[in-house]
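For reference, the structure discussed in these notes is given below.
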Amino acid sequence: MPTRILNAGNVRALLPMPECIDLMERTLRTLARGGAVLPLRTVMRLPGGRGVFGTMPAWLSEPAALGLKAIAVFPGNHGTGLDSHQGLVLLFDPERGTPLAILDASSITGIRTAAVSGAATRALAREDASDLAILGSGVQARTHLDAMRSVRPLGRIRAWSPSRERLGRFADWARTARGVEVEVAPDARTAVLGAGIVCTVSASPTPILEGAWLSPGAHVNAVGASLPGARELDTGAVARSRLFVDRRESALSEAGDFLLARDEGAVGDDHLAGELGEVFAGQVVGREGPLQITLFKSLGLAVEDLAAASHVLRAAEAAGIGEVVDFADGAT
């Protein structure tokens with residue numbers, strides 16, 4: 001059976017942010033209703049702390065998908081022109097197990113991660129939230145700007161990053177590629193004060209967001225930290241918020257933002273209000289009032305990658321895009 005190979009450009013062309021936001025909501029709703037097999041990811045740390053290599057397998061009933069993401073995360077790539085996330089998504093036929101597609105994982109990760117934050121913001125942020133703060137200036141800063149603009153009519157946008165050079169490039173990109181003005185903040189506190197939506201998308205292993213800065217009614221998407229010993233939010237930010245996660249099992253194993261606050265005794269496991277998919281499925285209440293601070297802690301799930309990849313594959317097949325290879329006999 002032929003296998004289709006799709007590169008980053010193919011993925012970006014065939015996975016528009018608004019479509020991906022709707023797809024991620026549907027996918028997480030399926031997960032909440034028991035329609036997925038999703039083992040915890042396997043992470044191998046490389047010598048010298050240079051990076052990690054992970055594998056993320058999953059099966060999803062709706063949209064139907066089977067496969068895995070193999071991903072290498074090299075923080076040292078920041079500022080080199082290379083995404084810190086490098087890898088492939090492999091799709092297989094859920095009925096017969098034959099390989100269907102090989103797709104660039106960096107582009108899928110960049111888009112689907114921000115799309116999940118977009119879905120979370122649509123469900124949890126106040127309807128009148130229009131002031132956005134972004135802490136970080138890499139790939140996820142760009143895709144999160146697109147995602148937030150897809151779900152809320154933004155007015156003021158501020159951004160901060162420890163790298164002034166990359167922060168300037170992000171602001172220039174927003175102006176030229178999106179026609180949006182992004183204010184370059186002198187520090188994280190200045191960026192966050194008064195914001196109704198805050199996205200932390202940095203590579204920092206230590207807190208860059210303090211709970212004392214958050215305005216009543218704010219919504220936070222915490223995205224950058226994905227290891228149990230790393231966090232972007234201080235304990236106060238977690239303790240002040242009604243906390244939602246993409247998956248409880250993953251959060252209790254990997255979410256340093258939550259785990260470190262729990263270790264300090266500020267919160268317990270019952271601080272996890274629910275999974276995002278449970279909110280979408282009507283199983284858990286989301287925001288409880290206009291002054292409540294809500295927090296979505298994102299770790300990223302294989303079902304999100306597979307759903308996005310399957311969407312891209314169907315669009316590519318319809319448009320005749322990508323290289324088709326028959327691995328059975330080497331013919332193309």
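Chain labels A, B, ... are given in the sequence in which chains occur in the structure tokens; within each chain residues are numbered consecutively from 1, and ligands are likewise numbered from 1 in the order shown.
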
Exercise: stretch 67-81 of chain A partners within 9 Å, only C-alpha atoms, chain neighbours under 6 positions left out, as a list in words:
Arg50, Gly51, Val52, Phe53, Gly54, Thr55, Met56, Pro57, Ala58, Trp59, Gly87, Leu88, Val89, Leu90, Leu91, Phe92, Asp93, Pro94, Pro99, Ala105, Ser106, Gly138, Arg166, Ala203, Ala302, Val303, Asp305 and Leu306 of chain A

A:Phe258 environment, 10 Å, only C-alpha atoms, sequence neighbours closer than 2 positions dropped, as number ranges by chain
A: 228, 230-231, 233-235, 237-239, 243, 245, 251-256, 260-263, 266-269, 271-272, 297

Pull C-alpha atoms from the residues just selected and write them as an mmCIF file, in the first residue's frame.
```
data_model
loop_
_atom_site.group_PDB
_atom_site.id
_atom_site.type_symbol
_atom_site.label_atom_id
_atom_site.label_comp_id
_atom_site.auth_asym_id
_atom_site.auth_seq_id
_atom_site.Cartn_x
_atom_site.Cartn_y
_atom_site.Cartn_z
ATOM 1 C CA PRO A 228 8.389 17.269 36.034
ATOM 2 C CA ALA A 230 10.567 22.435 34.945
ATOM 3 C CA ARG A 231 7.964 25.159 35.297
ATOM 4 C CA LEU A 233 4.578 29.477 36.524
ATOM 5 C CA ASP A 234 5.348 30.108 40.154
ATOM 6 C CA THR A 235 3.383 28.418 42.916
ATOM 7 C CA ALA A 237 -0.027 31.380 39.802
ATOM 8 C CA VAL A 238 -1.047 27.729 40.083
ATOM 9 C CA ALA A 239 -2.669 28.129 43.498
ATOM 10 C CA LEU A 243 -6.610 24.370 36.817
ATOM 11 C CA VAL A 245 -5.044 19.866 31.969
ATOM 12 C CA ALA A 251 -0.147 16.006 34.352
ATOM 13 C CA LEU A 252 0.470 13.871 37.441
ATOM 14 C CA SER A 253 3.596 12.472 35.787
ATOM 15 C CA GLU A 254 5.050 15.385 33.817
ATOM 16 C CA ALA A 255 3.531 18.794 34.644
ATOM 17 C CA GLY A 256 6.237 20.518 36.652
ATOM 18 C CA LEU A 260 6.377 21.545 42.065
ATOM 19 C CA ALA A 261 3.548 23.621 43.534
ATOM 20 C CA ARG A 262 2.137 20.414 45.021
ATOM 21 C CA ASP A 263 5.532 19.469 46.424
ATOM 22 C CA ALA A 266 0.358 24.793 48.146
ATOM 23 C CA VAL A 267 -2.077 22.493 46.298
ATOM 24 C CA GLY A 268 -3.166 18.866 46.241
ATOM 25 C CA ASP A 269 -4.226 16.531 43.473
ATOM 26 C CA HIS A 271 -6.640 21.141 42.582
ATOM 27 C CA LEU A 272 -6.957 19.606 39.098
ATOM 28 C CA LYS A 297 -1.620 23.403 31.586
#
```

Test item: residues at most 8 Å from stretch 115-121 of chain A, only C-alpha atoms, excluding those fewer than 6 positions along its chain, as a list in words:
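Those residues are Met17, Pro18, Cys20, Ile21, Asp22, Met24, Glu25, His144, Ala147, Met148, Ser150, Val151, Ile197, His219, Asn221, Leu276, Phe296 and Ser298 of chain A.
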
Dump N, CA and C atoms for the selected residues as a short mmCIF file (atom, residue, chain, number, x, y, z; two decimals), in the first residue's frame?
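To be explicit, this is the file written out as again_22.cif:
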```
data_model
loop_
_atom_site.label_atom_id
_atom_site.label_comp_id
_atom_site.auth_asym_id
_atom_site.auth_seq_id
_atom_site.Cartn_x
_atom_site.Cartn_y
_atom_site.Cartn_z
N MET A 17 -5.27 27.26 11.08
CA MET A 17 -5.48 27.32 12.52
C MET A 17 -6.94 27.19 12.94
N PRO A 18 -7.90 27.91 12.33
CA PRO A 18 -9.29 27.75 12.78
C PRO A 18 -9.79 26.31 12.64
N CYS A 20 -7.93 23.63 12.75
CA CYS A 20 -7.22 22.81 13.74
C CYS A 20 -7.80 23.01 15.14
N ILE A 21 -8.23 24.22 15.47
CA ILE A 21 -8.84 24.46 16.77
C ILE A 21 -10.10 23.62 16.92
N ASP A 22 -10.95 23.62 15.90
CA ASP A 22 -12.16 22.80 15.96
C ASP A 22 -11.82 21.32 16.05
N MET A 24 -9.07 19.94 17.33
CA MET A 24 -8.54 19.61 18.65
C MET A 24 -9.65 19.51 19.69
N GLU A 25 -10.65 20.36 19.60
CA GLU A 25 -11.79 20.24 20.52
C GLU A 25 -12.49 18.89 20.33
N HIS A 144 0.71 30.75 18.63
CA HIS A 144 -0.26 31.15 19.65
C HIS A 144 -0.89 32.51 19.32
N ALA A 147 -3.58 31.56 17.01
CA ALA A 147 -4.66 30.86 17.70
C ALA A 147 -5.51 31.82 18.52
N MET A 148 -4.87 32.72 19.26
CA MET A 148 -5.64 33.65 20.09
C MET A 148 -6.46 34.60 19.23
N SER A 150 -7.79 33.83 16.52
CA SER A 150 -8.88 33.04 15.95
C SER A 150 -10.08 32.90 16.88
N VAL A 151 -9.86 33.09 18.19
CA VAL A 151 -10.95 32.83 19.15
C VAL A 151 -11.39 34.06 19.93
N ILE A 197 -5.71 37.46 28.72
CA ILE A 197 -5.20 36.17 28.24
C ILE A 197 -3.69 36.21 28.33
N HIS A 219 -7.17 34.43 31.97
CA HIS A 219 -6.99 33.04 31.57
C HIS A 219 -5.55 32.85 31.14
N ASN A 221 -2.66 30.13 29.44
CA ASN A 221 -2.25 28.91 28.75
C ASN A 221 -0.77 28.70 29.05
N LEU A 276 -9.43 19.16 29.82
CA LEU A 276 -10.05 20.08 28.87
C LEU A 276 -11.15 19.38 28.08
N PHE A 296 -4.94 26.65 31.88
CA PHE A 296 -4.81 25.41 31.14
C PHE A 296 -3.34 25.06 31.06
N SER A 298 -0.80 22.77 29.41
CA SER A 298 -0.66 21.95 28.21
C SER A 298 0.63 21.14 28.26
#
```

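Closest to A:Ile5 among A:Val284, A:His311, A:Leu103, A:Arg96 is A:Leu103, based on only C-alpha atoms.
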
Which of these, A:Val180, A:Leu124, A:Ala212, A:Cys199, has the shortest distance to A:Ala141 once you count only C-alpha atoms?
A:Cys199

If you run DSSP on this backbone, which residues of stretch 78-191 of chain A come out as helix (DSSP H, G or I), and could you give them as a PyMOL selection string?
chain A and resi 105-124+139-151+164-178+188-191

Export C-alpha atoms of the chosen residues as a tab-separated table (two decimals), in the first residue's frame?
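Final file, result.tsv:
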```tsv
chain	number	residue	atom	x	y	z
A	105	ALA	CA	6.37	16.69	13.21
A	106	SER	CA	7.71	20.17	13.92
A	107	SER	CA	5.00	21.91	11.91
A	108	ILE	CA	2.25	19.65	13.26
A	109	THR	CA	3.45	20.23	16.85
A	110	GLY	CA	3.64	23.98	16.34
A	111	ILE	CA	0.12	24.27	14.97
A	112	ARG	CA	-1.75	21.69	17.07
A	113	THR	CA	-0.22	22.90	20.35
A	114	ALA	CA	-1.44	26.43	19.75
A	115	ALA	CA	-4.77	25.12	18.46
A	116	VAL	CA	-5.38	23.29	21.75
A	117	SER	CA	-4.61	26.53	23.60
A	118	GLY	CA	-7.06	28.25	21.25
A	119	ALA	CA	-9.75	25.72	22.10
A	120	ALA	CA	-8.99	26.14	25.82
A	121	THR	CA	-9.18	29.92	25.52
A	122	ARG	CA	-12.47	29.74	23.65
A	123	ALA	CA	-13.94	27.60	26.44
A	124	LEU	CA	-12.35	29.19	29.52
A	139	VAL	CA	7.67	29.18	17.05
A	140	GLN	CA	4.94	28.82	19.67
A	141	ALA	CA	4.73	32.59	20.12
A	142	ARG	CA	3.81	32.89	16.45
A	143	THR	CA	1.30	30.06	16.36
A	144	HIS	CA	-0.26	31.15	19.65
A	145	LEU	CA	-0.75	34.65	18.27
A	146	ASP	CA	-2.64	33.08	15.35
A	147	ALA	CA	-4.66	30.86	17.70
A	148	MET	CA	-5.64	33.65	20.09
A	149	ARG	CA	-6.68	35.88	17.20
A	150	SER	CA	-8.88	33.04	15.95
A	151	VAL	CA	-10.95	32.83	19.15
A	164	ARG	CA	15.61	40.88	23.00
A	165	GLU	CA	16.82	39.97	19.52
A	166	ARG	CA	14.29	37.15	19.05
A	167	LEU	CA	11.59	39.27	20.65
A	168	GLY	CA	12.24	41.99	18.09
A	169	ARG	CA	12.07	39.46	15.27
A	170	PHE	CA	8.74	38.19	16.59
A	171	ALA	CA	7.29	41.70	16.69
A	172	ASP	CA	8.56	42.38	13.16
A	173	TRP	CA	7.02	39.12	11.92
A	174	ALA	CA	3.67	39.94	13.54
A	175	ARG	CA	3.66	43.33	11.82
A	176	THR	CA	4.72	42.17	8.36
A	177	ALA	CA	3.16	38.69	8.17
A	178	ARG	CA	-0.02	39.29	10.18
A	188	ALA	CA	7.47	39.88	31.97
A	189	ARG	CA	5.53	41.73	34.67
A	190	THR	CA	4.86	44.69	32.40
A	191	ALA	CA	3.63	42.36	29.66
```

For A:Ala281, which residue out of A:Leu100, A:Ala32, A:Ala8, A:Ala13 is the nearest one, using only C-alpha atoms?
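Of all the options, A:Ala32 lies closest to A:Ala281.
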
Could you pull out the strand (DSSP E or B) residues of stretch 6-184 of chain A, going by DSSP on the backbone, and write them as a VMD selection string?
chain A and resid 6 36 to 37 42 to 45 52 to 61 64 to 73 85 to 92 99 to 104 132 to 135 157 to 160 183 to 184

How would the residues just picked look written out with C-alpha atoms as a short mmCIF file (atom, residue, chain, number, x, y, z; two decimals), in the first residue's frame?
```cif
data_model
loop_
_atom_site.label_atom_id
_atom_site.label_comp_id
_atom_site.auth_asym_id
_atom_site.auth_seq_id
_atom_site.Cartn_x
_atom_site.Cartn_y
_atom_site.Cartn_z
CA LEU A 6 4.38 15.35 3.54
CA ALA A 36 -8.58 6.59 22.74
CA VAL A 37 -5.66 4.41 23.79
CA THR A 42 8.61 7.51 26.60
CA VAL A 43 11.38 10.06 27.06
CA MET A 44 15.08 9.33 26.74
CA ARG A 45 17.47 11.99 28.05
CA VAL A 52 15.64 14.52 24.90
CA PHE A 53 14.16 12.01 22.47
CA GLY A 54 10.57 10.90 22.90
CA THR A 55 8.09 8.50 21.35
CA MET A 56 4.34 9.07 21.60
CA PRO A 57 2.05 6.27 20.33
CA ALA A 58 -1.75 6.38 20.32
CA TRP A 59 -5.01 5.09 18.83
CA LEU A 60 -8.02 7.33 18.36
CA SER A 61 -11.56 6.32 17.46
CA ALA A 64 -9.98 7.40 13.38
CA ALA A 65 -6.18 7.29 13.64
CA LEU A 66 -3.32 5.00 14.65
CA GLY A 67 0.34 5.91 14.85
CA LEU A 68 3.04 7.69 16.76
CA LYS A 69 5.19 10.77 16.93
CA ALA A 70 8.95 10.42 17.29
CA ILE A 71 10.35 13.73 18.48
CA ALA A 72 13.75 15.11 19.43
CA VAL A 73 13.75 18.24 21.60
CA HIS A 85 11.35 20.20 18.15
CA GLN A 86 12.47 17.91 15.31
CA GLY A 87 10.73 14.72 14.33
CA LEU A 88 8.19 12.72 12.35
CA VAL A 89 4.59 11.65 12.71
CA LEU A 90 3.87 8.15 11.39
CA LEU A 91 0.30 7.21 10.48
CA PHE A 92 -0.94 3.63 10.04
CA PRO A 99 1.74 2.59 6.85
CA LEU A 100 -0.25 5.49 5.41
CA ALA A 101 1.89 8.59 5.84
CA ILE A 102 5.08 10.16 7.13
CA LEU A 103 4.72 13.81 8.08
CA ASP A 104 6.95 16.55 9.45
CA LEU A 132 -3.08 39.37 25.25
CA ALA A 133 0.33 38.79 26.83
CA ILE A 134 2.80 36.33 25.29
CA LEU A 135 5.88 35.28 27.26
CA ILE A 157 -0.92 42.60 22.45
CA ARG A 158 2.28 42.64 24.51
CA ALA A 159 5.19 40.24 24.45
CA TRP A 160 8.32 39.61 26.47
CA GLU A 183 4.27 45.87 21.98
CA VAL A 184 7.73 44.81 23.16
#
```

Identify, on the basis of only C-alpha atoms, every residue whose closest approach to A:Gly236 does not exceed 7 Å; exclude the query and any residue fewer than 4 positions from it along the same chain; express the result as an NGL selection string.
:A and (210-212 or 240)

For C-alpha atoms, I'd like the residues from the last selection saved as an mmCIF file, in the first residue's frame.
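And here is the file that came out, selection-v2.cif:
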```
data_model
loop_
_atom_site.group_PDB
_atom_site.id
_atom_site.type_symbol
_atom_site.label_atom_id
_atom_site.label_comp_id
_atom_site.auth_asym_id
_atom_site.auth_seq_id
_atom_site.Cartn_x
_atom_site.Cartn_y
_atom_site.Cartn_z
ATOM 1 C CA GLU A 210 4.134 35.177 39.013
ATOM 2 C CA GLY A 211 0.620 34.728 40.308
ATOM 3 C CA ALA A 212 0.649 38.184 41.855
ATOM 4 C CA ARG A 240 -4.744 31.152 42.427
#
```

Could you please determine the separation between atom CA of A:Phe280 and atom CA of A:Pro39 in Å, to one decimal place?
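Calculated distance between atom CA of A:Phe280 and atom CA of A:Pro39 is 21.8 Å.
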
Write out as a PyMOL selection string each polymer residue whose atoms come within 9 Å of A:Glu278, counting only C-alpha atoms; drop sequence neighbours fewer than 4 positions from it.
chain A and resi 28-29+31-33+274+282-285

Expected file contents, prior selection, C-alpha atoms, as an mmCIF file, in the first residue's frame:
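Output (selection.cif):
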```cif
data_model
loop_
_atom_site.group_PDB
_atom_site.id
_atom_site.type_symbol
_atom_site.label_atom_id
_atom_site.label_comp_id
_atom_site.auth_asym_id
_atom_site.auth_seq_id
_atom_site.Cartn_x
_atom_site.Cartn_y
_atom_site.Cartn_z
ATOM 1 C CA LEU A 28 -10.135 15.914 23.224
ATOM 2 C CA ARG A 29 -13.863 15.341 23.534
ATOM 3 C CA LEU A 31 -10.528 11.269 24.615
ATOM 4 C CA ALA A 32 -12.775 12.328 27.500
ATOM 5 C CA ARG A 33 -15.437 9.876 26.361
ATOM 6 C CA GLY A 274 -10.632 18.490 35.145
ATOM 7 C CA GLY A 282 -20.008 18.892 29.312
ATOM 8 C CA GLN A 283 -18.690 16.584 32.031
ATOM 9 C CA VAL A 284 -16.895 19.310 34.019
ATOM 10 C CA VAL A 285 -17.729 22.980 34.571
#
```

Coordinates-based distance that separates atom CA of A:Leu299 from atom CA of A:Ser226 (Å, one decimal):
5.5 Å
